[in-house]
Amino acid sequence: MINAQDIKNGTCIRMDNQLYFCIEFLHVKPGKGNTFMRTKLKNVVDGRVLERRFNIGEKLEDVRVEFRPYQYLYQEGEDYIFMNQETFEQIPIAHDLITGVDFMKEGDIVNVVSDASSETVLYAEMPIKTVLKITYTEPGLKGDTATNASKPATVETGATVRVPLFINEGELIEIDTRDGSYQNRVKA
């Protein structure tokens with residue numbers, strides 16, 4: 001159990017039989033009345049965000065979570081098979097528990113978050129930025145850098161991203177895995 005004033009970003013708590021990560025907190029001391037914590041909590045299972053107020057001194061059930069690097073090996077049906085980098089044990093993780101799954105290729109290292117007490121996987125997340133090769137896009141024209149126009153491009157994982165007009169097939173680009181947006185071109 002932890003006190004409400006001990007909540008920080010990344011703290012995981014169990015509330016209403018569900019797990020929540022704190023993504024934002026604010027210690028509020030109004031002119032009148034008691035001090036309280038205003039928080040934004042993200043549901044681990046469905047990703048919904050809710051705002052909650054906790055009075056200072058209120059007891060909350062904290063959950064000890066572990067972050068471990070796992071390597072993506074292959075896909076088997078709806079599950080993705082990952083290997084623990086320390087013990088070499090292999091575990092399946094469902095498609096909907098992985099953030100940035102569309103930009104994941106074999107051999108990528110992901111961060112797997114698990115409940116330390118029950119060893120159940122809560123979710124897995126790709127690094128925020130990844131470098132992928134473009135397998136197909138319409139040819140670019142010289143001088144197409146003046147406008148913010150974009151075109152669709154297919155990357156090596158099969159996902160489609162919007163890229164500037166000057167990007168050509170075979171080039172490496174950096175992608176933000178949270179929203180699939182083009183970041184910049186990478187020199188090979």
# chains A, B, ... in the order shown; residues from 1 in each chain; ligands from 1
call {"tool": "residues_around", "arguments": {"residues": "region 8-16 of chain A", "least_positions_apart": "6", "cutoff": "8 Å", "atoms": "only C-alpha atoms", "output": "VMD selection string"}}
result
chain A and resid 22 to 25 60 to 65
call {"tool": "residues_around", "arguments": {"residues": "Met83 (chain A)", "least_positions_apart": "3", "cutoff": "7 Å", "atoms": "only C-alpha atoms", "output": "list in words"}}
result
Tyr70, Gln71, Tyr72, Leu73, Phe88, Glu89, Gln90 and Ile91 of chain A
call {"tool": "residues_around", "arguments": {"residues": "Asn55 (chain A)", "least_positions_apart": "4", "cutoff": "8 Å", "atoms": "only C-alpha atoms", "output": "PyMOL selection string"}}
result
chain A and resi 4+34-37
call {"tool": "write_last_selection", "arguments": {"atoms": "all heavy atoms", "output": "PDB file, in the first residue's frame"}}
result
ATOM      1  N   ALA A   4      -1.425   8.379  -1.122  1.00  0.00           N
ATOM      2  CA  ALA A   4      -1.767   9.097  -2.350  1.00  0.00           C
ATOM      3  C   ALA A   4      -0.702  10.132  -2.710  1.00  0.00           C
ATOM      4  O   ALA A   4      -0.441  10.367  -3.891  1.00  0.00           O
ATOM      5  CB  ALA A   4      -3.124   9.773  -2.206  1.00  0.00           C
ATOM      6  N   ASN A  34      -8.557  20.770   2.305  1.00  0.00           N
ATOM      7  CA  ASN A  34      -7.426  19.858   2.430  1.00  0.00           C
ATOM      8  C   ASN A  34      -6.644  19.760   1.127  1.00  0.00           C
ATOM      9  O   ASN A  34      -7.175  19.949   0.030  1.00  0.00           O
ATOM     10  CB  ASN A  34      -7.926  18.458   2.815  1.00  0.00           C
ATOM     11  CG  ASN A  34      -8.532  18.443   4.201  1.00  0.00           C
ATOM     12  OD1 ASN A  34      -8.150  19.230   5.054  1.00  0.00           O
ATOM     13  ND2 ASN A  34      -9.471  17.551   4.414  1.00  0.00           N
ATOM     14  N   THR A  35      -5.397  19.413   1.263  1.00  0.00           N
ATOM     15  CA  THR A  35      -4.536  19.184   0.116  1.00  0.00           C
ATOM     16  C   THR A  35      -4.930  17.859  -0.552  1.00  0.00           C
ATOM     17  O   THR A  35      -5.316  16.917   0.129  1.00  0.00           O
ATOM     18  CB  THR A  35      -3.067  19.098   0.586  1.00  0.00           C
ATOM     19  OG1 THR A  35      -2.768  20.275   1.338  1.00  0.00           O
ATOM     20  CG2 THR A  35      -2.118  18.997  -0.579  1.00  0.00           C
ATOM     21  N   PHE A  36      -4.829  17.813  -1.882  1.00  0.00           N
ATOM     22  CA  PHE A  36      -5.174  16.585  -2.595  1.00  0.00           C
ATOM     23  C   PHE A  36      -4.263  16.403  -3.810  1.00  0.00           C
ATOM     24  O   PHE A  36      -3.529  17.312  -4.187  1.00  0.00           O
ATOM     25  CB  PHE A  36      -6.659  16.563  -2.999  1.00  0.00           C
ATOM     26  CG  PHE A  36      -7.067  17.672  -3.931  1.00  0.00           C
ATOM     27  CD1 PHE A  36      -6.995  17.499  -5.306  1.00  0.00           C
ATOM     28  CD2 PHE A  36      -7.542  18.876  -3.438  1.00  0.00           C
ATOM     29  CE1 PHE A  36      -7.374  18.512  -6.164  1.00  0.00           C
ATOM     30  CE2 PHE A  36      -7.921  19.890  -4.291  1.00  0.00           C
ATOM     31  CZ  PHE A  36      -7.843  19.713  -5.665  1.00  0.00           C
ATOM     32  N   MET A  37      -4.315  15.196  -4.373  1.00  0.00           N
ATOM     33  CA  MET A  37      -3.548  14.871  -5.587  1.00  0.00           C
ATOM     34  C   MET A  37      -4.522  14.760  -6.748  1.00  0.00           C
ATOM     35  O   MET A  37      -5.506  14.017  -6.670  1.00  0.00           O
ATOM     36  CB  MET A  37      -2.812  13.531  -5.430  1.00  0.00           C
ATOM     37  CG  MET A  37      -1.722  13.521  -4.402  1.00  0.00           C
ATOM     38  SD  MET A  37      -0.337  14.544  -4.832  1.00  0.00           S
ATOM     39  CE  MET A  37       0.399  13.596  -6.135  1.00  0.00           C
TER      40      MET A  37
END
call {"tool": "closest_residue", "arguments": {"among": "A:Lys105, A:Arg68, A:Lys187, A:Arg53", "to": "Ile173 (chain A)", "atoms": "only C-alpha atoms"}}
result
A:Lys187
call {"tool": "select_by_dssp", "arguments": {"residues": "region 26-153 of chain A", "states": "strand (DSSP E or B)", "output": "VMD selection string"}}
result
chain A and resid 26 to 28 36 to 43 49 to 55 59 to 62 65 to 76 79 to 84 90 to 94 98 to 99 109 to 115 121 to 125 129 to 137 150 to 153
call {"tool": "residues_around", "arguments": {"residues": "region 76-78 of chain A", "least_positions_apart": "4", "cutoff": "10 Å", "atoms": "only C-alpha atoms", "output": "VMD selection string"}}
result
chain A and resid 92 to 96
call {"tool": "write_last_selection", "arguments": {"atoms": "N, CA and C atoms", "output": "PDB file, in the first residue's frame"}}
result
ATOM      1  N   PRO A  92       4.468 -15.910 -25.544  1.00  0.00           N
ATOM      2  CA  PRO A  92       3.580 -15.290 -26.532  1.00  0.00           C
ATOM      3  C   PRO A  92       2.912 -14.056 -25.925  1.00  0.00           C
ATOM      4  N   ILE A  93       2.754 -13.012 -26.744  1.00  0.00           N
ATOM      5  CA  ILE A  93       2.043 -11.808 -26.318  1.00  0.00           C
ATOM      6  C   ILE A  93       1.001 -11.495 -27.392  1.00  0.00           C
ATOM      7  N   ALA A  94      -0.225 -11.221 -26.968  1.00  0.00           N
ATOM      8  CA  ALA A  94      -1.317 -10.943 -27.898  1.00  0.00           C
ATOM      9  C   ALA A  94      -1.088  -9.635 -28.653  1.00  0.00           C
ATOM     10  N   HIS A  95      -1.619  -9.579 -29.853  1.00  0.00           N
ATOM     11  CA  HIS A  95      -1.480  -8.420 -30.756  1.00  0.00           C
ATOM     12  C   HIS A  95      -1.922  -7.116 -30.096  1.00  0.00           C
ATOM     13  N   ASP A  96      -3.044  -7.129 -29.404  1.00  0.00           N
ATOM     14  CA  ASP A  96      -3.585  -5.896 -28.845  1.00  0.00           C
ATOM     15  C   ASP A  96      -2.847  -5.399 -27.598  1.00  0.00           C
TER      16      ASP A  96
END
call {"tool": "closest_residue", "arguments": {"among": "A:Gly100, A:Pro127, A:Pro69, A:Gly47", "to": "Ser114 (chain A)", "atoms": "only C-alpha atoms"}}
result
A:Pro69
call {"tool": "residues_around", "arguments": {"residues": "Met104 (chain A)", "least_positions_apart": "4", "cutoff": "9 Å", "atoms": "only C-alpha atoms", "output": "JSON, numbers by chain"}}
result
{"A": [72, 100, 108, 110, 126, 130, 157, 177]}
call {"tool": "residues_around", "arguments": {"residues": "region 180-183 of chain A", "least_positions_apart": "4", "cutoff": "9 Å", "atoms": "only C-alpha atoms", "output": "list in words"}}
result
Gly100, Asp102, Phe103, Lys129, Ala159, Thr160, Val161, Arg162, Val163, Pro164, Ile173, Glu174, Ile175 and Asp176 of chain A
call {"tool": "write_last_selection", "arguments": {"atoms": "N, CA, C and O atoms", "output": "PDB file, in the first residue's frame"}}
result
ATOM      1  N   GLY A 100       2.713  -0.054 -31.142  1.00  0.00           N
ATOM      2  CA  GLY A 100       3.619   0.076 -32.277  1.00  0.00           C
ATOM      3  C   GLY A 100       3.851  -1.219 -33.017  1.00  0.00           C
ATOM      4  O   GLY A 100       4.859  -1.379 -33.702  1.00  0.00           O
ATOM      5  N   ASP A 102       2.618  -2.471 -35.687  1.00  0.00           N
ATOM      6  CA  ASP A 102       2.684  -2.389 -37.149  1.00  0.00           C
ATOM      7  C   ASP A 102       4.097  -2.103 -37.655  1.00  0.00           C
ATOM      8  O   ASP A 102       4.403  -2.350 -38.818  1.00  0.00           O
ATOM      9  N   PHE A 103       4.959  -1.573 -36.801  1.00  0.00           N
ATOM     10  CA  PHE A 103       6.308  -1.197 -37.219  1.00  0.00           C
ATOM     11  C   PHE A 103       7.372  -2.117 -36.627  1.00  0.00           C
ATOM     12  O   PHE A 103       8.551  -1.816 -36.644  1.00  0.00           O
ATOM     13  N   LYS A 129      11.077   5.531 -31.438  1.00  0.00           N
ATOM     14  CA  LYS A 129      11.491   5.716 -32.833  1.00  0.00           C
ATOM     15  C   LYS A 129      12.147   4.451 -33.352  1.00  0.00           C
ATOM     16  O   LYS A 129      12.896   3.792 -32.646  1.00  0.00           O
ATOM     17  N   ALA A 159       3.443  -1.935 -43.221  1.00  0.00           N
ATOM     18  CA  ALA A 159       2.641  -0.783 -42.811  1.00  0.00           C
ATOM     19  C   ALA A 159       2.793   0.341 -43.831  1.00  0.00           C
ATOM     20  O   ALA A 159       3.813   0.449 -44.517  1.00  0.00           O
ATOM     21  N   THR A 160       1.774   1.190 -43.914  1.00  0.00           N
ATOM     22  CA  THR A 160       1.815   2.342 -44.813  1.00  0.00           C
ATOM     23  C   THR A 160       1.935   3.610 -43.987  1.00  0.00           C
ATOM     24  O   THR A 160       1.195   3.804 -43.024  1.00  0.00           O
ATOM     25  N   VAL A 161       2.887   4.475 -44.365  1.00  0.00           N
ATOM     26  CA  VAL A 161       3.088   5.751 -43.689  1.00  0.00           C
ATOM     27  C   VAL A 161       3.083   6.866 -44.733  1.00  0.00           C
ATOM     28  O   VAL A 161       3.324   6.622 -45.915  1.00  0.00           O
ATOM     29  N   ARG A 162       2.815   8.081 -44.279  1.00  0.00           N
ATOM     30  CA  ARG A 162       2.858   9.246 -45.163  1.00  0.00           C
ATOM     31  C   ARG A 162       4.261   9.834 -45.089  1.00  0.00           C
ATOM     32  O   ARG A 162       4.777  10.089 -44.005  1.00  0.00           O
ATOM     33  N   VAL A 163       4.885  10.041 -46.259  1.00  0.00           N
ATOM     34  CA  VAL A 163       6.242  10.575 -46.323  1.00  0.00           C
ATOM     35  C   VAL A 163       6.267  11.775 -47.264  1.00  0.00           C
ATOM     36  O   VAL A 163       5.390  11.914 -48.116  1.00  0.00           O
ATOM     37  N   PRO A 164       7.273  12.656 -47.149  1.00  0.00           N
ATOM     38  CA  PRO A 164       7.399  13.774 -48.091  1.00  0.00           C
ATOM     39  C   PRO A 164       7.629  13.272 -49.523  1.00  0.00           C
ATOM     40  O   PRO A 164       8.073  12.144 -49.732  1.00  0.00           O
ATOM     41  N   ILE A 173      13.979   5.412 -43.393  1.00  0.00           N
ATOM     42  CA  ILE A 173      13.342   6.541 -42.731  1.00  0.00           C
ATOM     43  C   ILE A 173      13.128   6.211 -41.258  1.00  0.00           C
ATOM     44  O   ILE A 173      13.045   5.048 -40.866  1.00  0.00           O
ATOM     45  N   GLU A 174      13.046   7.263 -40.447  1.00  0.00           N
ATOM     46  CA  GLU A 174      12.770   7.106 -39.023  1.00  0.00           C
ATOM     47  C   GLU A 174      11.284   7.374 -38.802  1.00  0.00           C
ATOM     48  O   GLU A 174      10.744   8.355 -39.303  1.00  0.00           O
ATOM     49  N   ILE A 175      10.626   6.487 -38.041  1.00  0.00           N
ATOM     50  CA  ILE A 175       9.185   6.568 -37.817  1.00  0.00           C
ATOM     51  C   ILE A 175       8.912   6.625 -36.317  1.00  0.00           C
ATOM     52  O   ILE A 175       9.551   5.920 -35.541  1.00  0.00           O
ATOM     53  N   ASP A 176       7.949   7.458 -35.924  1.00  0.00           N
ATOM     54  CA  ASP A 176       7.466   7.492 -34.548  1.00  0.00           C
ATOM     55  C   ASP A 176       6.449   6.360 -34.406  1.00  0.00           C
ATOM     56  O   ASP A 176       5.406   6.372 -35.057  1.00  0.00           O
TER      57      ASP A 176
END
call {"tool": "residues_around", "arguments": {"residues": "Glu156 (chain A)", "least_positions_apart": "4", "cutoff": "9 Å", "atoms": "only C-alpha atoms", "output": "list in words"}}
result
Phe103, Lys105, Leu132, Lys133, Ile134, Thr135 and Tyr136 of chain A
call {"tool": "write_last_selection", "arguments": {"atoms": "all heavy atoms", "output": "PDB file, in the first residue's frame"}}
result
ATOM      1  N   PHE A 103       4.959  -1.573 -36.801  1.00  0.00           N
ATOM      2  CA  PHE A 103       6.308  -1.197 -37.219  1.00  0.00           C
ATOM      3  C   PHE A 103       7.372  -2.117 -36.627  1.00  0.00           C
ATOM      4  O   PHE A 103       8.551  -1.816 -36.644  1.00  0.00           O
ATOM      5  CB  PHE A 103       6.575   0.254 -36.804  1.00  0.00           C
ATOM      6  CG  PHE A 103       5.505   1.184 -37.288  1.00  0.00           C
ATOM      7  CD1 PHE A 103       4.582   1.720 -36.414  1.00  0.00           C
ATOM      8  CD2 PHE A 103       5.393   1.478 -38.633  1.00  0.00           C
ATOM      9  CE1 PHE A 103       3.575   2.553 -36.863  1.00  0.00           C
ATOM     10  CE2 PHE A 103       4.390   2.303 -39.100  1.00  0.00           C
ATOM     11  CZ  PHE A 103       3.480   2.845 -38.214  1.00  0.00           C
ATOM     12  N   LYS A 105       9.680  -5.430 -36.571  1.00  0.00           N
ATOM     13  CA  LYS A 105      10.235  -6.451 -37.457  1.00  0.00           C
ATOM     14  C   LYS A 105      11.026  -7.445 -36.625  1.00  0.00           C
ATOM     15  O   LYS A 105      11.371  -7.174 -35.471  1.00  0.00           O
ATOM     16  CB  LYS A 105      11.094  -5.819 -38.554  1.00  0.00           C
ATOM     17  CG  LYS A 105      12.285  -5.038 -38.085  1.00  0.00           C
ATOM     18  CD  LYS A 105      12.996  -4.392 -39.261  1.00  0.00           C
ATOM     19  CE  LYS A 105      14.281  -3.741 -38.872  1.00  0.00           C
ATOM     20  NZ  LYS A 105      14.180  -2.521 -38.126  1.00  0.00           N
ATOM     21  N   LEU A 132      13.091   2.092 -40.588  1.00  0.00           N
ATOM     22  CA  LEU A 132      12.588   1.082 -41.512  1.00  0.00           C
ATOM     23  C   LEU A 132      12.921   1.471 -42.942  1.00  0.00           C
ATOM     24  O   LEU A 132      13.053   2.649 -43.267  1.00  0.00           O
ATOM     25  CB  LEU A 132      11.072   0.914 -41.359  1.00  0.00           C
ATOM     26  CG  LEU A 132      10.586   0.367 -40.016  1.00  0.00           C
ATOM     27  CD1 LEU A 132       9.072   0.439 -39.934  1.00  0.00           C
ATOM     28  CD2 LEU A 132      11.053  -1.049 -39.808  1.00  0.00           C
ATOM     29  N   LYS A 133      13.005   0.449 -43.797  1.00  0.00           N
ATOM     30  CA  LYS A 133      13.303   0.658 -45.211  1.00  0.00           C
ATOM     31  C   LYS A 133      12.001   0.740 -45.997  1.00  0.00           C
ATOM     32  O   LYS A 133      11.067  -0.016 -45.747  1.00  0.00           O
ATOM     33  CB  LYS A 133      14.147  -0.508 -45.731  1.00  0.00           C
ATOM     34  CG  LYS A 133      14.631  -0.357 -47.139  1.00  0.00           C
ATOM     35  CD  LYS A 133      15.519  -1.526 -47.506  1.00  0.00           C
ATOM     36  CE  LYS A 133      16.077  -1.353 -48.903  1.00  0.00           C
ATOM     37  NZ  LYS A 133      16.970  -2.449 -49.254  1.00  0.00           N
ATOM     38  N   ILE A 134      11.951   1.641 -46.962  1.00  0.00           N
ATOM     39  CA  ILE A 134      10.762   1.781 -47.807  1.00  0.00           C
ATOM     40  C   ILE A 134      10.829   0.732 -48.903  1.00  0.00           C
ATOM     41  O   ILE A 134      11.810   0.660 -49.642  1.00  0.00           O
ATOM     42  CB  ILE A 134      10.674   3.198 -48.392  1.00  0.00           C
ATOM     43  CG1 ILE A 134      10.431   4.183 -47.264  1.00  0.00           C
ATOM     44  CG2 ILE A 134       9.577   3.281 -49.442  1.00  0.00           C
ATOM     45  CD1 ILE A 134      10.264   5.600 -47.689  1.00  0.00           C
ATOM     46  N   THR A 135       9.774  -0.084 -49.011  1.00  0.00           N
ATOM     47  CA  THR A 135       9.740  -1.125 -50.039  1.00  0.00           C
ATOM     48  C   THR A 135       8.988  -0.677 -51.284  1.00  0.00           C
ATOM     49  O   THR A 135       9.246  -1.173 -52.366  1.00  0.00           O
ATOM     50  CB  THR A 135       9.088  -2.417 -49.494  1.00  0.00           C
ATOM     51  OG1 THR A 135       7.784  -2.109 -49.011  1.00  0.00           O
ATOM     52  CG2 THR A 135       9.940  -3.016 -48.396  1.00  0.00           C
ATOM     53  N   TYR A 136       8.033   0.260 -51.122  1.00  0.00           N
ATOM     54  CA  TYR A 136       7.332   0.773 -52.295  1.00  0.00           C
ATOM     55  C   TYR A 136       6.812   2.181 -52.046  1.00  0.00           C
ATOM     56  O   TYR A 136       6.242   2.475 -50.992  1.00  0.00           O
ATOM     57  CB  TYR A 136       6.134  -0.107 -52.677  1.00  0.00           C
ATOM     58  CG  TYR A 136       5.347   0.496 -53.820  1.00  0.00           C
ATOM     59  CD1 TYR A 136       5.822   0.405 -55.125  1.00  0.00           C
ATOM     60  CD2 TYR A 136       4.178   1.202 -53.599  1.00  0.00           C
ATOM     61  CE1 TYR A 136       5.136   0.997 -56.181  1.00  0.00           C
ATOM     62  CE2 TYR A 136       3.486   1.795 -54.638  1.00  0.00           C
ATOM     63  CZ  TYR A 136       3.976   1.683 -55.927  1.00  0.00           C
ATOM     64  OH  TYR A 136       3.306   2.276 -56.960  1.00  0.00           O
TER      65      TYR A 136
END
call {"tool": "atom_distance", "arguments": {"atom1": "CA of Arg38 (chain A)", "atom2": "CA of Glu51 (chain A)"}}
result
7.3 Å
call {"tool": "decode", "arguments": {"residues": "region 103-133 of chain A", "atoms": "C-alpha atoms", "output": "short mmCIF file (atom, residue, chain, number, x, y, z; two decimals), in the first residue's frame"}}
result
data_model
loop_
_atom_site.label_atom_id
_atom_site.label_comp_id
_atom_site.auth_asym_id
_atom_site.auth_seq_id
_atom_site.Cartn_x
_atom_site.Cartn_y
_atom_site.Cartn_z
CA PHE A 103 6.31 -1.20 -37.22
CA MET A 104 7.87 -4.22 -35.49
CA LYS A 105 10.24 -6.45 -37.46
CA GLU A 106 11.98 -9.67 -36.46
CA GLY A 107 14.90 -9.08 -34.12
CA ASP A 108 13.55 -5.81 -32.65
CA ILE A 109 13.97 -5.31 -28.91
CA VAL A 110 10.78 -4.26 -27.09
CA ASN A 111 10.14 -3.28 -23.49
CA VAL A 112 7.79 -5.79 -21.83
CA VAL A 113 6.00 -4.65 -18.67
CA SER A 114 4.82 -7.41 -16.34
CA ASP A 115 3.19 -7.65 -12.92
CA ALA A 116 6.00 -8.78 -10.59
CA SER A 117 3.72 -10.71 -8.22
CA SER A 118 1.87 -12.84 -10.80
CA GLU A 119 4.39 -12.69 -13.70
CA THR A 120 1.55 -11.79 -16.11
CA VAL A 121 2.40 -9.56 -19.06
CA LEU A 122 0.58 -6.22 -18.89
CA TYR A 123 1.77 -4.80 -22.22
CA ALA A 124 4.77 -4.48 -24.53
CA GLU A 125 5.94 -1.31 -26.22
CA MET A 126 8.23 -0.62 -29.12
CA PRO A 127 10.90 2.04 -28.76
CA ILE A 128 9.44 5.47 -29.64
CA LYS A 129 11.49 5.72 -32.83
CA THR A 130 12.45 2.98 -35.28
CA VAL A 131 14.26 2.92 -38.62
CA LEU A 132 12.59 1.08 -41.51
CA LYS A 133 13.30 0.66 -45.21
#
